[in-house]
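S.K.: I'm passing along upload09.cif; it holds mmCIF, C-alpha atoms.
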```cif
data_work
loop_
_atom_site.label_atom_id
_atom_site.label_comp_id
_atom_site.auth_asym_id
_atom_site.auth_seq_id
_atom_site.Cartn_x
_atom_site.Cartn_y
_atom_site.Cartn_z
CA MET A 152 0.00 0.00 0.00
CA SER A 153 1.30 3.41 -0.89
CA THR A 154 1.13 6.44 1.33
CA ARG A 155 0.97 10.12 0.53
CA GLN A 156 4.63 10.52 1.54
CA LYS A 157 5.68 7.64 -0.72
CA LEU A 158 3.86 9.30 -3.62
CA ILE A 159 5.62 12.58 -2.88
CA ASP A 160 8.99 10.80 -2.74
CA ILE A 161 8.39 9.06 -6.09
CA ILE A 162 7.39 12.32 -7.79
CA ALA A 163 10.38 14.11 -6.25
CA SER A 164 12.81 11.44 -7.46
CA LYS A 165 11.50 11.81 -11.02
CA ASN A 166 11.50 15.62 -10.86
CA PRO A 167 14.61 16.76 -8.98
CA ASP A 168 14.12 20.38 -10.10
CA ILE A 169 10.87 20.69 -8.07
CA SER A 170 11.09 21.02 -4.30
CA LYS A 171 9.44 18.43 -2.07
CA GLU A 172 7.49 21.23 -0.40
CA ASP A 173 5.91 22.21 -3.72
CA ILE A 174 5.11 18.59 -4.54
CA TYR A 175 3.60 18.17 -1.08
CA GLU A 176 1.35 21.18 -1.66
CA VAL A 177 0.14 19.89 -5.04
CA VAL A 178 -0.56 16.37 -3.77
CA THR A 179 -2.31 17.65 -0.63
CA GLU A 180 -4.45 20.15 -2.55
CA SER A 181 -5.39 17.46 -5.08
CA PHE A 182 -6.52 15.02 -2.39
CA ASP A 183 -8.33 17.79 -0.52
CA TYR A 184 -10.18 18.81 -3.69
CA ILE A 185 -11.23 15.21 -4.42
CA SER A 186 -12.40 14.74 -0.81
CA THR A 187 -14.35 18.01 -0.78
CA GLU A 188 -16.12 17.29 -4.05
CA LEU A 189 -17.04 13.76 -2.97
CA ALA A 190 -18.39 15.12 0.31
CA LYS A 191 -20.64 17.44 -1.71
CA GLY A 192 -21.89 14.41 -3.65
CA ASN A 193 -20.11 15.35 -6.88
CA ARG A 194 -18.27 12.99 -9.20
CA VAL A 195 -14.56 13.68 -9.87
CA GLU A 196 -12.99 12.60 -13.15
CA ILE A 197 -9.29 12.84 -13.91
CA ARG A 198 -8.69 12.20 -17.60
CA GLY A 199 -6.29 9.35 -18.23
CA PHE A 200 -6.48 8.21 -14.58
CA GLY A 201 -10.08 7.45 -13.64
CA SER A 202 -13.14 8.69 -11.84
CA PHE A 203 -14.27 8.81 -8.22
CA GLU A 204 -17.83 8.92 -6.97
CA LEU A 205 -19.68 8.42 -3.74
CA GLY A 206 -21.58 5.17 -3.36
CA LYS A 207 -23.79 3.61 -0.72
CA ARG A 208 -23.21 0.23 0.90
CA LYS A 209 -25.48 -1.74 3.17
CA VAL A 210 -23.68 -2.92 6.30
CA ILE A 211 -25.08 -5.26 8.92
CA SER A 212 -24.06 -4.47 12.48
CA PRO A 213 -22.64 -7.18 14.72
CA ILE A 214 -24.94 -10.06 15.65
CA TRP A 215 -26.15 -8.60 18.95
CA ASP A 216 -27.52 -5.48 17.19
CA ASN A 217 -28.53 -7.10 13.90
CA LYS A 218 -29.32 -3.69 12.39
CA GLU A 219 -28.70 -2.68 8.79
CA THR A 220 -27.02 0.66 8.23
CA ILE A 221 -26.05 2.49 5.08
CA ARG A 222 -22.45 3.64 4.81
CA ASN A 223 -20.89 5.96 2.24
CA THR A 224 -18.09 4.46 0.19
CA VAL A 225 -15.83 5.85 -2.49
CA LYS A 226 -16.07 4.09 -5.83
CA TYR A 227 -13.12 4.31 -8.20
CA LYS A 228 -13.21 3.34 -11.84
CA ALA A 229 -9.89 3.26 -13.67
CA SER A 230 -9.56 4.97 -17.03
CA SER A 231 -9.27 2.70 -20.07
CA ASN A 232 -5.90 4.37 -20.78
CA LEU A 233 -4.66 3.33 -17.35
CA LEU A 234 -5.81 -0.26 -17.84
CA LYS A 235 -3.80 -0.68 -21.04
#
```
Let me see the structure of the file written as structure tokens.
M.R.:
Amino acid sequence: MSTRQKLIDIIASKNPDISKEDIYEVVTESFDYISTELAKGNRVEIRGFGSFELGKRKVISPIWDNKETIRNTVKYKASSNLLK
């Protein structure tokens, strides 16, 4: 599993002329934007990468409660370019 810091390190190693602080800002702002738009119920599409949208999932509580609840989930669909 990758982390935000690992992503920043990979981008920095491929772009030595850009500071890690600048890369950190771009990555953080990108994730914040995606999170904010999903929270509003909007779909986010990044051409050549994929799309994110909010979905609903039925979850059954542990046996002693036996209640069904609906939880929000993030659905990701990879771009056909990415799958090639």
S.K.: For atom CA of Leu205 of chain A and atom CA of Ser181 of chain A, determine how far apart the two atoms are, in Å to one decimal place.
M.R.: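 Going from atom CA of Leu205 of chain A over to atom CA of Ser181 of chain A, I get 17.0 Å.
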S.K.: As a PyMOL selection string, please: the residues near Gln156 of chain A (cut-off 10 Å, all atoms listed in the file, same-chain neighbours under 4 positions excluded).
M.R.: chain A and resi 160-162+171+175+178
S.K.: Applied to the shown file, which residues does the PyMOL selection byres ((chain A and resi 230) around 6) return, written as an MDAnalysis selection string?
M.R.: chainID A and resid 199:201 229 231:233
S.K.: Would you mind reading off the distance between atom CA of Glu188 of chain A and atom CA of Leu158 of chain A, one decimal, in Å?
M.R.: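 Spanning atom CA of Glu188 of chain A to atom CA of Leu158 of chain A is a straight-line distance of 21.5 Å.
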S.K.: Please list as a compact mmCIF listing (two decimals) with C-alpha atoms, in the coordinates of the input every residue within 12 Å of segment 213-227 of chain A, counting all atoms listed in the file and excluding residues in the same chain fewer than 6 positions away.
M.R.:
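This is the output file out06.txt:
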```
# COMPACT_ATOMS: atom_id res chain seq x y z
CA ILE A 185 -11.23 15.21 -4.42
CA SER A 186 -12.40 14.74 -0.81
CA GLU A 188 -16.12 17.29 -4.05
CA LEU A 189 -17.04 13.76 -2.97
CA ALA A 190 -18.39 15.12 0.31
CA GLY A 192 -21.89 14.41 -3.65
CA ASN A 193 -20.11 15.35 -6.88
CA ARG A 194 -18.27 12.99 -9.20
CA VAL A 195 -14.56 13.68 -9.87
CA GLU A 196 -12.99 12.60 -13.15
CA ILE A 197 -9.29 12.84 -13.91
CA PHE A 200 -6.48 8.21 -14.58
CA GLY A 201 -10.08 7.45 -13.64
CA SER A 202 -13.14 8.69 -11.84
CA PHE A 203 -14.27 8.81 -8.22
CA GLU A 204 -17.83 8.92 -6.97
CA LEU A 205 -19.68 8.42 -3.74
CA GLY A 206 -21.58 5.17 -3.36
CA LYS A 207 -23.79 3.61 -0.72
```
S.K.: Could you tell me how far atom CA of Arg198 of chain A lies from atom CA of Lys235 of chain A, in Å and to one decimal?
M.R.: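 We find that atom CA of Arg198 of chain A and atom CA of Lys235 of chain A lie 14.2 Å from each other.
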S.K.: With distances taken over all atoms listed in the file, which of A:Arg155, A:Pro167, A:Val210, A:Leu234 is nearest to Glu180 of chain A?
M.R.: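 Selected residue with least distance to Glu180 of chain A: A:Arg155.
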